[in-house]
Amino acid sequence: MRYVSTRGAWHDRPQPFLAILLEGLAPDGGLAVPFSYPAFSAGELDALAGRPYREVACAVLGRYADDIPPADLEGIVARAYTEEKFGGDAIVPLRELEPGLALLRVSNGPTLAFKDIALQLLGELFEYALARAGRTMTILGATSGDTGSSAEVAMRGRRGIDVFMLSPKGRMSPFQQAQMYSLPDPNIHNLAIEGTFDDCQDIVKAINADAAFKARHAIGAVNSSNGARIAAQIVYYVTGTLAARRAPGAPVDFAVPSGNFGNILAAHAAKRMGVPIRRLVLATNENDVLDEFFRTGRYRPRGAAETHATSSPSMDISKASNFERFVYDAVGRDPARLAALWRELESRGEFALAGSPAWDAVRGAGFVSGRSTHADRVATIRAIHSRYGDVVDPHTADGLKVGIEHRDPAVPLVCVETALPAKFAATIREALGRDPGRPAAFEGLESRPQRCVTLPARSGAVRDYLAAHARPAA
Ligand SMILES: *Cc1c(COP(=O)(O)O)cnc(C)c1O
């Protein structure tokens with residue numbers, strides 16, 4: 001398996017997995033995508049039914065990371081997905097709410113959000129790849145909450161890796177803040193920025209634009225544009241389909257609460273690999289850029305001023321970084337066509353596909369969509385609790401609300417649970433009049449000692465801090 005950039009780079013010399021793993025963006029600003037999707041035959045899929053998660057992970061990831069010897073990959077997967085980290089040996093259990101309606105529980109990892117599935121694997125892969133290359137790496141990232149804690153927990157204490165994570169000072173939930181700032185590991189650096197999440201992201205971009213500085217400190221990224229994260233997420237669409245299907249080969253629909261388009265892109269990739277997924281139901285919150293696209297063909301990312309702060313905050317995204325990978329498929333994997341659309345996006349602020357062959361391809365990919373509001377998610381949390389006794393988090397509620405709107409009795413619907421309710425207590429209190437339960441490991445989290453450095457929202461200040469505290473590239 002080799003990788004190319006969505007915008008044309010590497011097409012003359014496609015890159016192996018371990019090369020794109022440590023790269024951020026491609027040199028042309030595009031994203032790494034597989035040269036072609038590996039295919040699973042019906043027989044190969046059936047053979048994976050009922051097999052342990054780690055075994056399915058090796059079968060799927062082995063196709064994407066075929067430059068890692070199988071025995072090494074087995075070790076990586078075994079260390080990433082342990083019973084201890086994921087609260088049980090199923091790793092991603094399927095919970096049937098009623099016949100034909102299920103939750104896929106991908107949020108049982110160490111930070112209680114689905115991002116742990118990808119980042120726990122990434123932590124192992126980075127350590128492996130850096131040791132092989134005799135290199136070190138400085139991870140520079142920005143977070144509004146879930147990605148930062150998931151990345152820090154996955155990278156804490158790892159050899160050769162330092163993490164500098166920017167977060168908007170005082171703007172995360174107390175739980176999210178404590179998850180990050182209470183980590184005692186010396187390789188984890190929390191930088192609280194006196195500004196918004198957008199300021200944090202702009203600073204990261206500005207520092208990454210300085211190629212010499214970037215090289216001097218071997219700066220890398222864990223953001224959702226890392227292609228290995230997508231590969232990791234394909235695995236649970238395979239296990240989820242095999243667990244929910246009514247018969248071998250019978251189709252399944254998935255509903256996915258979406259922000260940066262990373263999670264649902266993995267479902268799309270699984271479908272392209274031959275997994276019998278019929279519909280992909282994309283749910284947004286009030287930030288409904290993607291819903292607008294799938295209804296109308298018009299893609300119009302919003303600016304910070306038009307991005308609402310909602311009660312499903314991990315979906316408060318108006319520019320979905322992974323969407324480029326999907327459009328690449330829609331334009332027939334033609335990098336020139338893709339690059340032209342992104343130039344149009346830059347100059348006009350939008351593009352429209354309706355009426356073009358690309359739009360037929362989008363329709364043919366099985367996507368439908370819808371949006372959910374604060375009132376919808378509160379009502380859904382209540383309804384799910386009273387019907388089934390389950391407490392779901394606000395993001396999962398958005399997915400359930402939109403998924404159930406598109407439900408078809410002929411095909412099982414699996415809603416992806418993207419976080420546990422413990423992370424979002426205020427909305428649960430509003431819906432149910434009580435606090436959500438929390439796993440024992442998180443008792444007293446907010447009262448643990450916290451550690452962070454406050455910096456002004458200027459890239460120069462962060463640069464100076466990095467120069468003083470990051471180790472030089474080895
Ligand atoms: C990140 C996140 C999402 C959005 O997922 P994308 O891959 O960015 O579409 C949804 N829900 C939760 C809880 C998240 O942390």
# chains A, B, ... in the order shown; residues from 1 in each chain; ligands from 1
$ select_by_dssp --residues "range 142-349 of chain A" --states "helix (DSSP H, G or I)" --output "PyMOL selection string"
chain A and resi 146-155+174-181+197-208+211-216+227-244+262-272+289-296+304-306+313-315+323-330+335-348
$ residues_around --residues "range 374-391 of chain A" --least-positions-apart "3" --cutoff "9 Å" --atoms "only C-alpha atoms" --output "ChimeraX atom specification"
/A:97-98,285-286,310-312,394-398,400-401,420-421,427-428,430-432,436
$ residues_near_ligand --ligand "ligand 1" --cutoff "6 Å" --atoms "only C-alpha atoms and all ligand atoms" --output "MDAnalysis selection string"
chainID A and resid 113 146 257:263 314:315 395 418:419
$ residues_around --residues "Val163 in chain A" --least-positions-apart "5" --cutoff "10 Å" --atoms "only C-alpha atoms" --output "list of chain:residue names"
A:Met137, A:Thr138, A:Ile139, A:Leu140, A:Gly141, A:Gly148, A:Ala151, A:Glu152, A:Met155, A:Arg156, A:Arg158, A:Pro186, A:Asn187, A:Ile188, A:His189, A:Asn190, A:Ile219, A:Gly220, A:Ala221, A:Val222, A:Ala470
$ residues_around --residues "Gly366 in chain A" --least-positions-apart "2" --cutoff "7 Å" --atoms "only C-alpha atoms" --output "ChimeraX atom specification"
/A:278-280,363-364,368
$ write_last_selection --atoms "N, CA and C atoms" --output "tab-separated table (two decimals), in the first residue's frame"
chain	number	residue	atom	x	y	z
A	278	ARG	N	-24.71	0.25	3.98
A	278	ARG	CA	-25.60	0.85	2.99
A	278	ARG	C	-25.58	2.37	3.15
A	279	ARG	N	-26.30	2.89	4.14
A	279	ARG	CA	-26.35	4.34	4.30
A	279	ARG	C	-25.40	4.82	5.36
A	280	LEU	N	-24.85	6.02	5.15
A	280	LEU	CA	-24.08	6.71	6.17
A	280	LEU	C	-24.87	7.96	6.52
A	363	ARG	N	-23.85	11.35	-4.18
A	363	ARG	CA	-25.14	10.69	-3.94
A	363	ARG	C	-24.98	9.18	-3.92
A	364	GLY	N	-24.14	8.69	-4.81
A	364	GLY	CA	-23.93	7.25	-4.92
A	364	GLY	C	-23.18	6.67	-3.72
A	368	VAL	N	-26.61	10.38	3.73
A	368	VAL	CA	-27.74	11.27	3.98
A	368	VAL	C	-27.37	12.07	5.22
$ closest_atom_pairs --of "range 9-35 of chain A" --to "range 333-350 of chain A" --cutoff "12 Å" --atoms "only C-alpha atoms" --output "CSV"
residue,atom,partner,partner_atom,distance
A:Ala9,CA,A:Pro335,CA,8.7
A:Trp10,CA,A:Pro335,CA,10.8
A:His11,CA,A:Pro335,CA,9.1
A:Asp28,CA,A:Ala339,CA,9.6
A:Gly29,CA,A:Ala339,CA,9.7
A:Gly30,CA,A:Ala339,CA,8.4
A:Leu31,CA,A:Pro335,CA,10.8
A:Ala32,CA,A:Pro335,CA,11.5
A:Val33,CA,A:Arg333,CA,9.7
A:Pro34,CA,A:Arg333,CA,10.4
A:Phe35,CA,A:Arg333,CA,9.0
$ residues_around --residues "Asp46 in chain A" --least-positions-apart "3" --cutoff "12 Å" --atoms "only C-alpha atoms" --output "list in words"
Phe40, Ser41, Ala42, Gly43, Ala49, Gly50, Arg51, Val56, Val238, Thr239, Thr241, Leu242, Ala243, Arg245, Ala247, Pro248, Gly249, Ala250, Gly274, Val275 and Pro276 of chain A
$ atom_distance --atom1 "CA of Gly87 in chain A" --atom2 "CA of Ser150 in chain A"
15.7 Å
$ atom_distance --atom1 "CA of Arg216 in chain A" --atom2 "CA of Arg458 in chain A"
20.3 Å
$ select_by_dssp --residues "range 27-272 of chain A" --states "strand (DSSP E or B)" --output "PyMOL selection string"
chain A and resi 32-34+94-98+101-105+113+137-142+161-168+188-194+219-220+252-257
$ write_last_selection --atoms "N, CA and C atoms" --output "short mmCIF file (atom, residue, chain, number, x, y, z; two decimals), in the first residue's frame"
data_model
loop_
_atom_site.label_atom_id
_atom_site.label_comp_id
_atom_site.auth_asym_id
_atom_site.auth_seq_id
_atom_site.Cartn_x
_atom_site.Cartn_y
_atom_site.Cartn_z
N ALA A 32 -2.68 13.00 2.86
CA ALA A 32 -2.29 11.67 2.37
C ALA A 32 -3.52 10.78 2.25
N VAL A 33 -3.65 10.11 1.12
CA VAL A 33 -4.72 9.13 0.92
C VAL A 33 -4.12 7.87 0.29
N PRO A 34 -4.73 6.71 0.56
CA PRO A 34 -4.20 5.50 -0.07
C PRO A 34 -4.32 5.60 -1.58
N LEU A 94 -20.98 -3.68 20.98
CA LEU A 94 -22.24 -3.24 20.36
C LEU A 94 -23.34 -3.43 21.40
N ARG A 95 -24.10 -2.37 21.66
CA ARG A 95 -25.20 -2.48 22.62
C ARG A 95 -26.51 -2.37 21.84
N GLU A 96 -27.28 -3.44 21.82
CA GLU A 96 -28.55 -3.39 21.12
C GLU A 96 -29.59 -2.72 22.00
N LEU A 97 -30.16 -1.60 21.53
CA LEU A 97 -31.19 -0.92 22.30
C LEU A 97 -32.53 -1.62 22.12
N GLU A 98 -32.81 -2.00 20.87
CA GLU A 98 -33.98 -2.83 20.51
C GLU A 98 -33.63 -3.47 19.18
N LEU A 101 -31.83 -1.51 16.22
CA LEU A 101 -31.26 -0.22 16.66
C LEU A 101 -30.19 -0.48 17.72
N ALA A 102 -28.97 -0.04 17.44
CA ALA A 102 -27.87 -0.35 18.37
C ALA A 102 -26.94 0.85 18.53
N LEU A 103 -26.21 0.85 19.63
CA LEU A 103 -25.14 1.83 19.87
C LEU A 103 -23.81 1.10 19.72
N LEU A 104 -22.87 1.70 18.98
CA LEU A 104 -21.52 1.15 18.90
C LEU A 104 -20.67 1.95 19.88
N ARG A 105 -20.24 1.27 20.95
CA ARG A 105 -19.58 1.96 22.06
C ARG A 105 -18.08 2.09 21.82
N ALA A 113 -13.64 9.21 25.06
CA ALA A 113 -14.12 9.67 23.76
C ALA A 113 -13.52 8.76 22.68
N MET A 137 10.59 13.50 18.31
CA MET A 137 9.51 14.27 17.71
C MET A 137 8.89 15.19 18.74
N THR A 138 8.56 16.40 18.30
CA THR A 138 7.85 17.35 19.14
C THR A 138 6.45 17.51 18.57
N ILE A 139 5.46 17.08 19.33
CA ILE A 139 4.09 17.20 18.84
C ILE A 139 3.53 18.55 19.28
N LEU A 140 3.10 19.32 18.31
CA LEU A 140 2.50 20.62 18.59
C LEU A 140 1.05 20.56 18.14
N GLY A 141 0.13 20.83 19.06
CA GLY A 141 -1.28 20.73 18.69
C GLY A 141 -2.12 21.79 19.38
N ALA A 142 -3.35 21.91 18.92
CA ALA A 142 -4.32 22.81 19.54
C ALA A 142 -5.58 21.99 19.81
N ILE A 161 9.28 11.46 22.50
CA ILE A 161 8.13 12.30 22.13
C ILE A 161 7.86 13.35 23.21
N ASP A 162 7.80 14.62 22.80
CA ASP A 162 7.33 15.69 23.68
C ASP A 162 6.04 16.25 23.10
N VAL A 163 5.10 16.60 23.96
CA VAL A 163 3.83 17.15 23.50
C VAL A 163 3.67 18.57 24.03
N PHE A 164 3.42 19.51 23.13
CA PHE A 164 3.06 20.87 23.51
C PHE A 164 1.64 21.12 23.01
N MET A 165 0.69 21.21 23.94
CA MET A 165 -0.71 21.30 23.55
C MET A 165 -1.28 22.66 23.95
N LEU A 166 -1.77 23.38 22.95
CA LEU A 166 -2.36 24.70 23.21
C LEU A 166 -3.86 24.54 23.45
N SER A 167 -4.35 25.18 24.50
CA SER A 167 -5.80 25.15 24.74
C SER A 167 -6.25 26.56 25.15
N PRO A 168 -7.49 26.91 24.84
CA PRO A 168 -7.98 28.25 25.17
C PRO A 168 -8.24 28.36 26.68
N ILE A 188 4.82 16.11 28.84
CA ILE A 188 3.54 16.75 28.48
C ILE A 188 3.58 18.21 28.92
N HIS A 189 3.40 19.12 27.96
CA HIS A 189 3.44 20.56 28.24
C HIS A 189 2.10 21.17 27.88
N ASN A 190 1.35 21.63 28.86
CA ASN A 190 0.06 22.29 28.60
C ASN A 190 0.26 23.79 28.53
N LEU A 191 -0.10 24.38 27.40
CA LEU A 191 0.02 25.81 27.24
C LEU A 191 -1.38 26.41 27.16
N ALA A 192 -1.78 27.11 28.22
CA ALA A 192 -3.09 27.76 28.24
C ALA A 192 -2.94 29.13 27.57
N ILE A 193 -3.65 29.29 26.46
CA ILE A 193 -3.50 30.51 25.67
C ILE A 193 -4.61 31.50 26.02
N GLU A 194 -4.21 32.75 26.21
CA GLU A 194 -5.23 33.77 26.54
C GLU A 194 -5.97 34.16 25.26
N ILE A 219 8.95 19.03 14.43
CA ILE A 219 7.57 19.23 14.86
C ILE A 219 6.62 18.38 14.01
N GLY A 220 5.78 17.62 14.69
CA GLY A 220 4.80 16.78 14.03
C GLY A 220 3.42 17.03 14.61
N VAL A 252 -25.93 -2.84 6.69
CA VAL A 252 -26.13 -2.13 7.94
C VAL A 252 -26.03 -0.64 7.64
N ASP A 253 -26.82 0.19 8.33
CA ASP A 253 -26.69 1.65 8.24
C ASP A 253 -25.97 2.16 9.49
N PHE A 254 -25.19 3.23 9.34
CA PHE A 254 -24.53 3.85 10.49
C PHE A 254 -24.94 5.31 10.60
N ALA A 255 -25.13 5.79 11.82
CA ALA A 255 -25.34 7.22 12.07
C ALA A 255 -24.14 7.73 12.85
N VAL A 256 -23.53 8.83 12.38
CA VAL A 256 -22.26 9.29 12.95
C VAL A 256 -22.33 10.79 13.29
N PRO A 257 -22.20 11.16 14.57
CA PRO A 257 -22.11 12.57 14.94
C PRO A 257 -20.80 13.14 14.40
#
$ atom_distance --atom1 "CA of Ala361 in chain A" --atom2 "CA of Pro409 in chain A"
25.7 Å
$ closest_residue --among "A:Ala211, A:Ile230, A:Ala118, A:Val289" --to "Asp316 in chain A" --atoms "only C-alpha atoms"
A:Val289
$ residues_around --residues "range 402-406 of chain A" --least-positions-apart "5" --cutoff "8 Å" --atoms "only C-alpha atoms" --output "PyMOL selection string"
chain A and resi 254-256+281-283+369-372+413+415
$ residues_around --residues "Ala330 in chain A" --least-positions-apart "5" --cutoff "8 Å" --atoms "only C-alpha atoms" --output "PyMOL selection string"
chain A and resi 358-359+361-362
$ closest_residue --among "A:Ala467, A:Ala305, A:Ala354, A:Ala39" --to "Ala270 in chain A" --atoms "only C-alpha atoms"
A:Ala39
$ closest_residue --among "A:Ile207, A:Ala304, A:Ala231, A:Ala57" --to "Ile264 in chain A" --atoms "only C-alpha atoms"
A:Ala231
$ closest_residue --among "A:Glu292, A:Asp408, A:Glu83, A:Glu306" --to "Pro251 in chain A" --atoms "only C-alpha atoms"
A:Asp408
